[in-house]
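Asker: Please find my_file.cif (mmCIF, C-alpha atoms) on the next line:
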data_query
loop_
_atom_site.group_PDB
_atom_site.id
_atom_site.type_symbol
_atom_site.label_atom_id
_atom_site.label_comp_id
_atom_site.auth_asym_id
_atom_site.auth_seq_id
_atom_site.Cartn_x
_atom_site.Cartn_y
_atom_site.Cartn_z
ATOM 1 C CA MET A 134 4.766 -49.692 -22.504
ATOM 2 C CA LYS A 135 4.384 -47.376 -19.519
ATOM 3 C CA SER A 136 1.588 -44.848 -19.722
ATOM 4 C CA ASN A 137 2.242 -41.209 -18.785
ATOM 5 C CA LEU A 138 -1.423 -40.569 -18.065
ATOM 6 C CA GLN A 139 -2.283 -39.665 -14.490
ATOM 7 C CA ARG A 140 -5.337 -41.143 -12.873
ATOM 8 C CA GLY A 141 -8.093 -38.902 -11.570
ATOM 9 C CA PRO A 142 -8.703 -38.207 -7.875
ATOM 10 C CA GLY A 143 -9.675 -41.252 -5.875
ATOM 11 C CA ARG A 144 -12.190 -41.698 -3.075
ATOM 12 C CA ARG A 145 -9.638 -40.648 -0.459
ATOM 13 C CA GLU A 146 -8.727 -37.419 -2.264
ATOM 14 C CA VAL A 147 -12.359 -36.522 -2.884
ATOM 15 C CA GLY A 148 -13.304 -37.177 0.736
ATOM 16 C CA HIS A 149 -10.416 -35.200 2.167
ATOM 17 C CA ALA A 150 -11.071 -32.284 -0.190
ATOM 18 C CA ASN A 151 -14.743 -32.276 0.795
ATOM 19 C CA LEU A 152 -13.891 -32.142 4.507
ATOM 20 C CA ALA A 153 -11.394 -29.309 3.988
ATOM 21 C CA ALA A 154 -13.800 -27.349 1.797
ATOM 22 C CA ARG A 155 -16.658 -27.653 4.313
ATOM 23 C CA SER A 156 -14.356 -26.580 7.127
ATOM 24 C CA LEU A 157 -13.125 -23.442 5.362
ATOM 25 C CA LYS A 158 -16.455 -22.487 3.814
ATOM 26 C CA GLN A 159 -17.841 -21.665 7.253
ATOM 27 C CA VAL A 160 -15.542 -18.625 7.597
ATOM 28 C CA PHE A 161 -15.900 -17.197 4.087
ATOM 29 C CA PRO A 162 -17.097 -13.571 3.918
ATOM 30 C CA THR A 163 -20.776 -13.257 3.035
ATOM 31 C CA ASP A 164 -20.070 -10.676 0.312
ATOM 32 C CA ASN A 165 -17.312 -12.649 -1.408
ATOM 33 C CA PRO A 166 -17.708 -12.145 -5.200
ATOM 34 C CA TYR A 167 -15.094 -14.739 -6.215
ATOM 35 C CA THR A 168 -15.038 -18.360 -7.203
ATOM 36 C CA ILE A 169 -12.062 -19.659 -5.216
ATOM 37 C CA ARG A 170 -10.032 -22.760 -5.989
ATOM 38 C CA ILE A 171 -7.526 -24.042 -3.439
ATOM 39 C CA VAL A 172 -5.014 -26.639 -4.614
ATOM 40 C CA SER A 173 -3.297 -28.784 -1.982
ATOM 41 C CA ASP A 174 -0.420 -30.997 -3.122
ATOM 42 C CA ILE A 175 0.686 -33.371 -0.377
ATOM 43 C CA LEU A 176 4.230 -34.434 -1.225
ATOM 44 C CA GLU A 177 4.787 -36.573 1.853
ATOM 45 C CA SER A 178 2.711 -37.255 4.943
ATOM 46 C CA ASN A 179 2.779 -39.456 8.036
ATOM 47 C CA GLY A 180 -0.158 -37.613 9.565
ATOM 48 C CA SER A 181 -3.425 -36.177 8.383
ATOM 49 C CA SER A 182 -3.141 -34.700 4.898
ATOM 50 C CA SER A 183 -6.717 -33.375 5.123
ATOM 51 C CA MET A 184 -5.918 -31.422 8.304
ATOM 52 C CA ALA A 185 -2.746 -30.105 6.707
ATOM 53 C CA THR A 186 -4.919 -28.944 3.798
ATOM 54 C CA VAL A 187 -7.255 -27.089 6.180
ATOM 55 C CA CYS A 188 -4.374 -25.272 7.901
ATOM 56 C CA ALA A 189 -2.547 -24.475 4.666
ATOM 57 C CA GLY A 190 -5.806 -23.476 2.971
ATOM 58 C CA SER A 191 -6.605 -21.030 5.763
ATOM 59 C CA LEU A 192 -3.138 -19.477 5.511
ATOM 60 C CA ALA A 193 -3.411 -19.301 1.712
ATOM 61 C CA LEU A 194 -6.747 -17.469 1.887
ATOM 62 C CA MET A 195 -5.342 -14.946 4.367
ATOM 63 C CA ASP A 196 -2.233 -14.443 2.266
ATOM 64 C CA ALA A 197 -4.383 -13.919 -0.839
ATOM 65 C CA GLY A 198 -6.330 -11.154 0.896
ATOM 66 C CA ILE A 199 -9.646 -13.014 1.225
ATOM 67 C CA LYS A 200 -11.340 -11.546 4.320
ATOM 68 C CA ILE A 201 -12.166 -14.789 6.113
ATOM 69 C CA LYS A 202 -13.905 -14.328 9.454
ATOM 70 C CA SER A 203 -11.249 -16.222 11.410
ATOM 71 C CA PRO A 204 -8.287 -18.589 10.816
ATOM 72 C CA VAL A 205 -9.106 -22.305 10.797
ATOM 73 C CA SER A 206 -6.922 -25.184 11.953
ATOM 74 C CA GLY A 207 -7.494 -28.908 12.095
ATOM 75 C CA ILE A 208 -6.180 -31.869 14.029
ATOM 76 C CA ALA A 209 -6.590 -35.647 13.729
ATOM 77 C CA MET A 210 -7.495 -37.429 16.947
ATOM 78 C CA GLY A 211 -7.249 -41.140 17.647
ATOM 79 C CA MET A 212 -8.192 -43.656 20.285
ATOM 80 C CA ILE A 213 -6.758 -46.983 21.358
ATOM 81 C CA ALA A 214 -8.753 -49.205 23.708
ATOM 82 C CA GLU A 215 -7.315 -52.375 25.242
ATOM 83 C CA ASP A 216 -8.064 -54.364 28.391
ATOM 84 C CA GLY A 217 -10.541 -51.752 29.569
ATOM 85 C CA LYS A 218 -8.045 -48.944 29.212
ATOM 86 C CA VAL A 219 -8.642 -46.082 26.752
ATOM 87 C CA ALA A 220 -6.076 -43.610 25.431
ATOM 88 C CA ILE A 221 -7.064 -40.508 23.443
ATOM 89 C CA LEU A 222 -4.297 -39.521 21.015
ATOM 90 C CA SER A 223 -3.688 -36.127 19.439
ATOM 91 C CA ASP A 224 -2.188 -35.535 15.998
ATOM 92 C CA ILE A 225 -2.005 -39.230 15.163
ATOM 93 C CA LEU A 226 0.518 -40.761 12.767
ATOM 94 C CA GLY A 227 -0.118 -43.339 10.094
ATOM 95 C CA ASP A 228 0.455 -46.370 12.331
ATOM 96 C CA GLU A 229 -1.844 -45.003 15.033
ATOM 97 C CA ASP A 230 -4.495 -44.398 12.396
ATOM 98 C CA ALA A 231 -4.253 -47.952 11.072
ATOM 99 C CA LEU A 232 -4.038 -49.735 14.432
ATOM 100 C CA GLY A 233 -6.313 -47.497 16.475
ATOM 101 C CA ASP A 234 -10.008 -47.892 17.183
ATOM 102 C CA MET A 235 -11.006 -44.368 16.173
ATOM 103 C CA ASP A 236 -9.940 -41.708 13.662
ATOM 104 C CA PHE A 237 -11.552 -38.430 14.643
ATOM 105 C CA LYS A 238 -10.780 -35.230 12.677
ATOM 106 C CA VAL A 239 -11.857 -31.853 14.043
ATOM 107 C CA THR A 240 -11.464 -28.442 12.415
ATOM 108 C CA GLY A 241 -12.394 -25.035 13.744
ATOM 109 C CA THR A 242 -11.523 -21.517 14.806
ATOM 110 C CA ALA A 243 -10.568 -20.326 18.263
ATOM 111 C CA LYS A 244 -14.282 -19.944 19.003
ATOM 112 C CA GLY A 245 -15.781 -23.167 17.697
ATOM 113 C CA ILE A 246 -15.879 -26.187 15.387
ATOM 114 C CA THR A 247 -16.386 -25.756 11.638
ATOM 115 C CA GLY A 248 -16.145 -29.405 10.585
ATOM 116 C CA CYS A 249 -15.597 -32.929 11.835
ATOM 117 C CA GLN A 250 -15.349 -36.496 10.580
ATOM 118 C CA MET A 251 -15.193 -39.757 12.492
ATOM 119 C CA ASP A 252 -14.185 -43.270 11.473
ATOM 120 C CA ILE A 253 -14.766 -45.762 14.271
ATOM 121 C CA LYS A 254 -13.906 -49.463 14.380
ATOM 122 C CA ILE A 255 -15.615 -50.391 17.637
ATOM 123 C CA ASP A 256 -19.323 -50.818 18.340
ATOM 124 C CA GLY A 257 -19.768 -47.544 20.172
ATOM 125 C CA LEU A 258 -18.143 -44.672 22.000
ATOM 126 C CA PRO A 259 -19.106 -43.513 25.513
ATOM 127 C CA TYR A 260 -20.171 -39.879 25.732
ATOM 128 C CA GLU A 261 -17.430 -39.186 28.264
ATOM 129 C CA MET A 262 -14.806 -40.341 25.772
ATOM 130 C CA LEU A 263 -16.294 -38.167 23.018
ATOM 131 C CA GLU A 264 -16.280 -35.149 25.334
ATOM 132 C CA LYS A 265 -12.675 -35.811 26.313
ATOM 133 C CA ALA A 266 -11.662 -36.166 22.653
ATOM 134 C CA LEU A 267 -13.359 -32.878 21.706
ATOM 135 C CA LEU A 268 -11.733 -30.968 24.576
ATOM 136 C CA GLN A 269 -8.338 -32.458 23.742
ATOM 137 C CA ALA A 270 -8.879 -31.580 20.081
ATOM 138 C CA LYS A 271 -9.683 -27.993 21.059
ATOM 139 C CA GLU A 272 -6.376 -27.676 22.897
ATOM 140 C CA GLY A 273 -4.593 -29.015 19.824
ATOM 141 C CA ARG A 274 -6.431 -26.661 17.447
ATOM 142 C CA ILE A 275 -5.599 -23.624 19.590
ATOM 143 C CA HIS A 276 -1.927 -24.652 19.708
ATOM 144 C CA ILE A 277 -1.838 -24.999 15.918
ATOM 145 C CA LEU A 278 -3.607 -21.653 15.451
ATOM 146 C CA ASN A 279 -0.945 -19.989 17.586
ATOM 147 C CA GLU A 280 1.774 -21.517 15.421
ATOM 148 C CA MET A 281 -0.060 -20.417 12.249
ATOM 149 C CA SER A 282 -0.283 -16.847 13.564
ATOM 150 C CA LYS A 283 3.522 -16.696 13.624
ATOM 151 C CA ALA A 284 3.430 -16.880 9.832
ATOM 152 C CA ILE A 285 0.313 -14.746 9.186
ATOM 153 C CA ALA A 286 -1.530 -13.139 12.079
ATOM 154 C CA GLU A 287 -4.153 -11.288 10.051
ATOM 155 C CA THR A 288 -5.572 -11.339 6.539
ATOM 156 C CA ARG A 289 -3.594 -9.197 4.098
ATOM 157 C CA SER A 290 -5.081 -5.714 3.764
ATOM 158 C CA ASP A 291 -5.267 -6.030 -0.014
ATOM 159 C CA LEU A 292 -5.461 -8.713 -2.667
ATOM 160 C CA LYS A 293 -2.345 -10.011 -4.376
ATOM 161 C CA PRO A 294 -1.163 -7.727 -7.224
ATOM 162 C CA HIS A 295 -1.954 -10.383 -9.848
ATOM 163 C CA ALA A 296 -5.353 -11.294 -8.385
ATOM 164 C CA PRO A 297 -8.452 -10.376 -10.375
ATOM 165 C CA ARG A 298 -10.512 -7.793 -8.545
ATOM 166 C CA MET A 299 -14.261 -7.443 -8.711
ATOM 167 C CA VAL A 300 -16.829 -5.270 -7.009
ATOM 168 C CA GLU A 301 -20.587 -5.300 -7.315
ATOM 169 C CA ILE A 302 -22.816 -2.301 -6.751
ATOM 170 C CA VAL A 303 -26.579 -2.020 -6.920
ATOM 171 C CA ILE A 304 -28.071 0.929 -8.811
ATOM 172 C CA ASP A 305 -31.600 2.034 -9.518
ATOM 173 C CA LYS A 306 -33.065 0.462 -12.636
ATOM 174 C CA SER A 307 -33.581 3.919 -14.182
ATOM 175 C CA PHE A 308 -29.801 4.507 -14.292
ATOM 176 C CA ILE A 309 -28.936 1.396 -16.353
ATOM 177 C CA GLY A 310 -29.387 3.233 -19.653
ATOM 178 C CA ALA A 311 -27.357 6.210 -18.438
ATOM 179 C CA VAL A 312 -24.394 3.999 -17.495
ATOM 180 C CA ILE A 313 -24.495 2.123 -20.814
ATOM 181 C CA GLY A 314 -25.054 5.230 -22.957
ATOM 182 C CA PRO A 315 -26.277 5.395 -26.560
ATOM 183 C CA GLY A 316 -24.917 2.369 -28.397
ATOM 184 C CA GLY A 317 -22.825 1.494 -25.343
ATOM 185 C CA LYS A 318 -20.686 4.605 -25.821
ATOM 186 C CA ILE A 319 -20.379 5.595 -22.152
ATOM 187 C CA ILE A 320 -19.647 2.169 -20.698
ATOM 188 C CA GLN A 321 -17.129 1.420 -23.464
ATOM 189 C CA ASP A 322 -15.362 4.724 -22.788
ATOM 190 C CA ILE A 323 -15.123 3.972 -19.056
ATOM 191 C CA GLN A 324 -13.720 0.496 -19.766
ATOM 192 C CA ALA A 325 -11.142 1.848 -22.235
ATOM 193 C CA ARG A 326 -9.911 4.589 -19.869
ATOM 194 C CA THR A 327 -9.788 2.458 -16.729
ATOM 195 C CA GLY A 328 -8.763 -0.929 -18.154
ATOM 196 C CA THR A 329 -11.755 -2.651 -16.577
ATOM 197 C CA ILE A 330 -14.550 -4.971 -17.660
ATOM 198 C CA ILE A 331 -18.032 -3.830 -16.688
ATOM 199 C CA ASN A 332 -21.178 -5.957 -16.845
ATOM 200 C CA ILE A 333 -24.688 -4.748 -16.052
ATOM 201 C CA GLU A 334 -27.758 -6.887 -15.568
ATOM 202 C CA GLU A 335 -31.258 -6.202 -14.303
ATOM 203 C CA VAL A 336 -32.303 -8.274 -11.303
ATOM 204 C CA ASP A 337 -35.526 -7.716 -9.331
ATOM 205 C CA GLU A 338 -36.062 -4.192 -10.677
ATOM 206 C CA LYS A 339 -32.488 -3.239 -9.750
ATOM 207 C CA GLY A 340 -29.322 -2.854 -11.784
ATOM 208 C CA ILE A 341 -26.382 -5.055 -10.717
ATOM 209 C CA VAL A 342 -23.102 -3.517 -11.909
ATOM 210 C CA SER A 343 -20.057 -5.822 -11.815
ATOM 211 C CA ILE A 344 -16.666 -4.166 -12.328
ATOM 212 C CA MET A 345 -13.618 -6.409 -12.874
ATOM 213 C CA SER A 346 -9.934 -5.580 -13.218
ATOM 214 C CA THR A 347 -6.458 -6.742 -12.240
ATOM 215 C CA ASN A 348 -5.577 -3.136 -11.408
ATOM 216 C CA GLY A 349 -6.855 -1.709 -8.147
ATOM 217 C CA ASP A 350 -6.514 1.933 -9.216
ATOM 218 C CA GLY A 351 -8.372 1.303 -12.464
ATOM 219 C CA LEU A 352 -11.189 -0.446 -10.635
ATOM 220 C CA LYS A 353 -11.463 2.428 -8.171
ATOM 221 C CA GLN A 354 -11.603 4.956 -11.016
ATOM 222 C CA ALA A 355 -14.310 2.990 -12.829
ATOM 223 C CA LEU A 356 -16.306 2.755 -9.619
ATOM 224 C CA GLU A 357 -16.101 6.520 -9.192
ATOM 225 C CA GLU A 358 -17.225 7.054 -12.800
ATOM 226 C CA VAL A 359 -20.296 4.853 -12.330
ATOM 227 C CA ASP A 360 -21.018 6.520 -8.989
ATOM 228 C CA LYS A 361 -21.017 9.942 -10.637
ATOM 229 C CA ILE A 362 -23.573 8.811 -13.201
ATOM 230 C CA THR A 363 -25.858 7.072 -10.704
ATOM 231 C CA PHE A 364 -25.434 9.484 -7.807
ATOM 232 C CA THR A 365 -28.696 10.912 -6.430
ATOM 233 C CA PRO A 366 -28.343 13.890 -4.058
ATOM 234 C CA GLN A 367 -30.305 13.686 -0.819
ATOM 235 C CA VAL A 368 -32.037 16.707 0.722
ATOM 236 C CA GLY A 369 -30.099 17.878 3.767
ATOM 237 C CA ASP A 370 -26.741 16.478 2.667
ATOM 238 C CA ILE A 371 -23.665 18.689 2.255
ATOM 239 C CA TYR A 372 -21.287 18.320 -0.714
ATOM 240 C CA ASP A 373 -17.945 19.729 -1.854
ATOM 241 C CA ALA A 374 -18.612 21.769 -4.996
ATOM 242 C CA LEU A 375 -16.648 23.659 -7.646
ATOM 243 C CA VAL A 376 -17.818 27.031 -8.996
ATOM 244 C CA GLU A 377 -18.109 26.681 -12.793
ATOM 245 C CA SER A 378 -19.679 30.023 -13.716
ATOM 246 C CA VAL A 379 -20.644 33.276 -12.016
ATOM 247 C CA MET A 380 -23.853 35.103 -12.915
ATOM 248 C CA GLU A 381 -25.547 38.233 -11.552
ATOM 249 C CA TYR A 382 -28.165 36.110 -9.801
ATOM 250 C CA GLY A 383 -25.843 33.472 -8.378
ATOM 251 C CA VAL A 384 -23.243 30.829 -9.214
ATOM 252 C CA PHE A 385 -23.481 27.484 -10.983
ATOM 253 C CA VAL A 386 -21.552 24.729 -9.248
ATOM 254 C CA LYS A 387 -20.639 21.122 -9.980
ATOM 255 C CA PHE A 388 -20.458 18.324 -7.415
ATOM 256 C CA LYS A 389 -20.198 14.531 -7.808
ATOM 257 C CA GLY A 390 -21.095 14.771 -11.493
ATOM 258 C CA LYS A 391 -24.160 16.960 -10.864
ATOM 259 C CA SER A 392 -24.698 20.673 -11.537
ATOM 260 C CA GLY A 393 -26.881 23.193 -9.777
ATOM 261 C CA LEU A 394 -27.452 26.852 -8.988
ATOM 262 C CA VAL A 395 -26.620 28.595 -5.727
ATOM 263 C CA HIS A 396 -28.847 31.684 -5.837
ATOM 264 C CA ILE A 397 -27.377 34.988 -4.646
ATOM 265 C CA SER A 398 -29.712 34.885 -1.652
ATOM 266 C CA GLU A 399 -28.186 31.527 -0.604
ATOM 267 C CA ILE A 400 -24.522 32.538 -0.814
ATOM 268 C CA SER A 401 -24.150 34.403 2.480
ATOM 269 C CA HIS A 402 -26.068 35.340 5.615
ATOM 270 C CA THR A 403 -25.304 38.985 4.851
ATOM 271 C CA LYS A 404 -26.589 40.946 1.863
ATOM 272 C CA ILE A 405 -24.460 40.739 -1.305
ATOM 273 C CA ASP A 406 -24.572 43.488 -3.961
ATOM 274 C CA LYS A 407 -22.383 41.713 -6.500
ATOM 275 C CA VAL A 408 -21.733 37.994 -6.683
ATOM 276 C CA THR A 409 -18.282 38.698 -8.115
ATOM 277 C CA ASP A 410 -17.337 40.441 -4.874
ATOM 278 C CA VAL A 411 -17.355 37.143 -2.993
ATOM 279 C CA MET A 412 -17.181 34.337 -5.603
ATOM 280 C CA LYS A 413 -15.168 33.516 -8.705
ATOM 281 C CA VAL A 414 -14.821 30.626 -11.142
ATOM 282 C CA GLY A 415 -12.721 27.836 -9.679
ATOM 283 C CA ASP A 416 -13.652 28.437 -6.039
ATOM 284 C CA ASN A 417 -14.173 25.326 -3.931
ATOM 285 C CA ILE A 418 -17.172 25.681 -1.657
ATOM 286 C CA LYS A 419 -19.527 23.535 0.388
ATOM 287 C CA VAL A 420 -23.180 23.442 -0.585
ATOM 288 C CA LYS A 421 -26.248 21.957 1.055
ATOM 289 C CA TYR A 422 -29.079 20.449 -0.943
ATOM 290 C CA ILE A 423 -32.109 22.199 0.548
ATOM 291 C CA GLY A 424 -34.850 21.049 -1.815
ATOM 292 C CA THR A 425 -36.290 21.197 -5.317
ATOM 293 C CA ASP A 426 -37.679 24.262 -7.062
ATOM 294 C CA PRO A 427 -41.421 23.577 -7.468
ATOM 295 C CA LYS A 428 -41.577 25.509 -10.772
ATOM 296 C CA THR A 429 -38.480 24.226 -12.571
ATOM 297 C CA GLY A 430 -37.902 20.934 -10.750
ATOM 298 C CA LYS A 431 -34.219 21.830 -10.359
ATOM 299 C CA MET A 432 -32.137 21.423 -7.223
ATOM 300 C CA ARG A 433 -31.959 24.272 -4.750
ATOM 301 C CA LEU A 434 -28.472 24.592 -3.268
ATOM 302 C CA SER A 435 -27.295 26.773 -0.409
ATOM 303 C CA ARG A 436 -23.853 27.879 0.647
ATOM 304 C CA LYS A 437 -25.007 29.923 3.633
ATOM 305 C CA ALA A 438 -26.693 26.857 5.118
ATOM 306 C CA THR A 439 -23.196 25.410 5.632
ATOM 307 C CA LEU A 440 -21.903 28.571 7.345
ATOM 308 C CA PRO A 441 -22.432 29.694 10.953
ATOM 309 C CA ASN A 442 -25.089 32.399 11.266
ATOM 310 C CA PRO A 443 -23.621 35.589 12.821
ATOM 311 C CA ARG A 444 -27.013 36.348 14.372
ATOM 312 C CA ASP A 445 -26.670 33.316 16.593
ATOM 313 C CA ASN A 446 -23.829 35.124 18.396
ATOM 314 C CA ASN A 447 -25.577 38.499 18.575
ATOM 315 C CA PRO A 448 -28.238 38.546 21.316
ATOM 316 C CA LYS A 449 -29.348 42.107 20.463
ATOM 317 C CA GLU A 450 -30.238 41.188 16.893
ATOM 318 C CA ASN A 451 -32.068 38.091 18.063
ATOM 319 C CA SER A 452 -34.123 40.183 20.484
#
What's the structure tokens form of this structure?

Answerer:
Amino acid sequence: MKSNLQRGPGRREVGHANLAARSLKQVFPTDNPYTIRIVSDILESNGSSSMATVCAGSLALMDAGIKIKSPVSGIAMGMIAEDGKVAILSDILGDEDALGDMDFKVTGTAKGITGCQMDIKIDGLPYEMLEKALLQAKEGRIHILNEMSKAIAETRSDLKPHAPRMVEIVIDKSFIGAVIGPGGKIIQDIQARTGTIINIEEVDEKGIVSIMSTNGDGLKQALEEVDKITFTPQVGDIYDALVESVMEYGVFVKFKGKSGLVHISEISHTKIDKVTDVMKVGDNIKVKYIGTDPKTGKMRLSRKATLPNPRDNNPKENS
């Protein structure tokens, strides 16, 4: 009775996968948040299936939108020595692999080698032959890279629509509770409205916020929501603000999830009798964070600090 069970990967498959993985790992982005699995099914081959996996794997990563540092190609080199004569072969076939004296696989980018593997059947290899093989392999790799670029020249600008998306941001430890909210109310509301999954953990006195989604717009919205909660204004920075209420002594504005007062003395360089003469609810203005009130501890905001001073253009007044 014939069994339908498939055997597991053999030594050859494991070795080839290891070489391909090591070759591609060298160009992975340092901030990559994903666990990536590349599957290479070789249906038929009379050459190097491991080098085909490297080339196809590089193209697959670029097509998926993974920001690898540079495309990677690979080529299998061979050598046949007889009667004192030596021939270095590029892109060897199965027969050349079996009958040759060396099987030398080299992978790399246009700038350098990312992986190599050598099987040799003779006692040793002169340095000159190794140098010649490496230079010949470089020419082959560059040729293959040029052919690969005809299919995909650069990494896709965005991930595939069905790809899971994840971003990580670091927040101050003091904001962890604010993002979670009482009983998890705030974080659950953000997840429900944006269709995302948000995890927060404390690491080395910092909060690591991981936001996951299959929808790019939802992830962006969730990121903005968390940013509003954790945003800390910096003295000297200028922000776009919205006037929420107008009082006799100034206007209250909102910017990036924060609220503050622009006192009447900080609205304009010229004297203002009534705030309502120059400002109304709904106005969009720019404000500069100029410091903290020593008595109340609240932010001091200025509109006039973002405006040109008329006195700068009036020499008589300056004198």

Asker: Smallest atom-to-atom distance to Leu222 in chain A: which of A:Lys391, A:His276, A:Lys293, A:Lys238, using only C-alpha atoms?

Answerer: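 Looking only at the distances to Leu222 in chain A, the closest residue turns out to be A:Lys238.
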
Asker: List as a PyMOL selection string the protein and nucleic acid residues near Leu152 in chain A, meaning an atom at most 9 Å away when all atoms listed in the file are counted, but skip any in the same chain fewer than 4 places from it.

Answerer: chain A and resi 147-148+156-157+183-184+187+248-250

Asker: Choose the residue, out of A:Lys413, A:Ala189, A:Met299, A:Gly317, that has the smallest atom-to-atom separation from Ser343 in chain A; count all atoms listed in the file.

Answerer: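 Among A:Lys413, A:Ala189, A:Met299, A:Gly317, it is A:Met299 that comes nearest to Ser343 in chain A.
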
Asker: Between CA of Arg289 in chain A and CA of Pro162 in chain A, what is the distance, to one decimal in Å?

Answerer: 14.2 Å

Asker: Can you spell out as a PDB file with C-alpha atoms, in the frame of the given file the set of residues that the PyMOL selection byres ((chain A and resi 196-211) around 7) selects in the structure I just provided?

Answerer:
ATOM      1  CA  LEU A 157     -13.125 -23.442   5.362  1.00  0.00           C
ATOM      2  CA  VAL A 160     -15.542 -18.625   7.597  1.00  0.00           C
ATOM      3  CA  PHE A 161     -15.900 -17.197   4.087  1.00  0.00           C
ATOM      4  CA  PRO A 162     -17.097 -13.571   3.918  1.00  0.00           C
ATOM      5  CA  SER A 181      -3.425 -36.177   8.383  1.00  0.00           C
ATOM      6  CA  MET A 184      -5.918 -31.422   8.304  1.00  0.00           C
ATOM      7  CA  VAL A 187      -7.255 -27.089   6.180  1.00  0.00           C
ATOM      8  CA  CYS A 188      -4.374 -25.272   7.901  1.00  0.00           C
ATOM      9  CA  SER A 191      -6.605 -21.030   5.763  1.00  0.00           C
ATOM     10  CA  LEU A 192      -3.138 -19.477   5.511  1.00  0.00           C
ATOM     11  CA  ALA A 193      -3.411 -19.301   1.712  1.00  0.00           C
ATOM     12  CA  LEU A 194      -6.747 -17.469   1.887  1.00  0.00           C
ATOM     13  CA  MET A 195      -5.342 -14.946   4.367  1.00  0.00           C
ATOM     14  CA  MET A 212      -8.192 -43.656  20.285  1.00  0.00           C
ATOM     15  CA  ILE A 213      -6.758 -46.983  21.358  1.00  0.00           C
ATOM     16  CA  ILE A 221      -7.064 -40.508  23.443  1.00  0.00           C
ATOM     17  CA  LEU A 222      -4.297 -39.521  21.015  1.00  0.00           C
ATOM     18  CA  SER A 223      -3.688 -36.127  19.439  1.00  0.00           C
ATOM     19  CA  ASP A 224      -2.188 -35.535  15.998  1.00  0.00           C
ATOM     20  CA  ILE A 225      -2.005 -39.230  15.163  1.00  0.00           C
ATOM     21  CA  ASP A 230      -4.495 -44.398  12.396  1.00  0.00           C
ATOM     22  CA  GLY A 233      -6.313 -47.497  16.475  1.00  0.00           C
ATOM     23  CA  MET A 235     -11.006 -44.368  16.173  1.00  0.00           C
ATOM     24  CA  ASP A 236      -9.940 -41.708  13.662  1.00  0.00           C
ATOM     25  CA  PHE A 237     -11.552 -38.430  14.643  1.00  0.00           C
ATOM     26  CA  LYS A 238     -10.780 -35.230  12.677  1.00  0.00           C
ATOM     27  CA  VAL A 239     -11.857 -31.853  14.043  1.00  0.00           C
ATOM     28  CA  THR A 240     -11.464 -28.442  12.415  1.00  0.00           C
ATOM     29  CA  GLY A 241     -12.394 -25.035  13.744  1.00  0.00           C
ATOM     30  CA  THR A 242     -11.523 -21.517  14.806  1.00  0.00           C
ATOM     31  CA  ALA A 270      -8.879 -31.580  20.081  1.00  0.00           C
ATOM     32  CA  GLY A 273      -4.593 -29.015  19.824  1.00  0.00           C
ATOM     33  CA  ARG A 274      -6.431 -26.661  17.447  1.00  0.00           C
ATOM     34  CA  ILE A 277      -1.838 -24.999  15.918  1.00  0.00           C
ATOM     35  CA  LEU A 278      -3.607 -21.653  15.451  1.00  0.00           C
ATOM     36  CA  THR A 288      -5.572 -11.339   6.539  1.00  0.00           C
ATOM     37  CA  ARG A 289      -3.594  -9.197   4.098  1.00  0.00           C
ATOM     38  CA  SER A 290      -5.081  -5.714   3.764  1.00  0.00           C
ATOM     39  CA  ASP A 291      -5.267  -6.030  -0.014  1.00  0.00           C
ATOM     40  CA  LEU A 292      -5.461  -8.713  -2.667  1.00  0.00           C
ATOM     41  CA  LYS A 293      -2.345 -10.011  -4.376  1.00  0.00           C
TER      42      LYS A 293
END

Asker: For CA of Gly415 in chain A and CA of Glu381 in chain A, determine how far apart the two atoms are, in Å to one decimal place.

Answerer: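 Those two atoms sit 16.6 Å apart.
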
Asker: Could you pull the residues within 10 Å of Phe364 in chain A, counting all atoms listed in the file, minus those fewer than 4 positions along the same chain, as a short mmCIF file (atom, residue, chain, number, x, y, z; two decimals) with C-alpha atoms, in the frame of the given file?

Answerer:
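Full text of out_8.cif as output:
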data_model
loop_
_atom_site.label_atom_id
_atom_site.label_comp_id
_atom_site.auth_asym_id
_atom_site.auth_seq_id
_atom_site.Cartn_x
_atom_site.Cartn_y
_atom_site.Cartn_z
CA ILE A 304 -28.07 0.93 -8.81
CA ASP A 305 -31.60 2.03 -9.52
CA PHE A 308 -29.80 4.51 -14.29
CA GLU A 357 -16.10 6.52 -9.19
CA GLU A 358 -17.23 7.05 -12.80
CA VAL A 359 -20.30 4.85 -12.33
CA ASP A 360 -21.02 6.52 -8.99
CA LYS A 389 -20.20 14.53 -7.81
CA GLY A 390 -21.10 14.77 -11.49
CA LYS A 391 -24.16 16.96 -10.86
#

Asker: Evaluate the PyMOL selection byres ((chain A and resi 380) around 12) against this structure - the residues, as a count of residues only, please.

Answerer: 21

Asker: For the atom pair CA of Gly349 in chain A and CA of Ser307 in chain A, what is the interatomic distance in Å to one decimal place?

Answerer: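 Value for the CA of Gly349 in chain A-CA of Ser307 in chain A distance: 28.0 Å.
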
Asker: How big is the axis-aligned box, and where does its centre sit, when it encloses all atoms of range 378-395 of chain A listed in the file and has 6 Å added on every side, reported in Å to one decimal as AutoDock Vina command-line options?

Answerer:
--center_x -23.9 --center_y 26.4 --center_z -9.7 --size_x 20.5 --size_y 35.7 --size_z 20.0

Asker: Just checking: using all atoms listed in the file, which residue out of A:Gly393, A:Asp164, A:Lys306, A:Arg436 ends up closest to Val411 in chain A?

Answerer: A:Arg436

Asker: From the set A:Lys158, A:Gln324, A:Ile275, A:Gly369, which residue has the shortest atom-to-atom contact distance to Gly245 in chain A, counting all atoms listed in the file?

Answerer: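 Distance minimum relative to Gly245 in chain A lands on A:Ile275.
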
Asker: From the set A:Val420, A:Val336, A:Ile313, A:Ile171, which residue has the shortest atom-to-atom contact distance to Leu434 in chain A, counting only C-alpha atoms?

Answerer: A:Val420
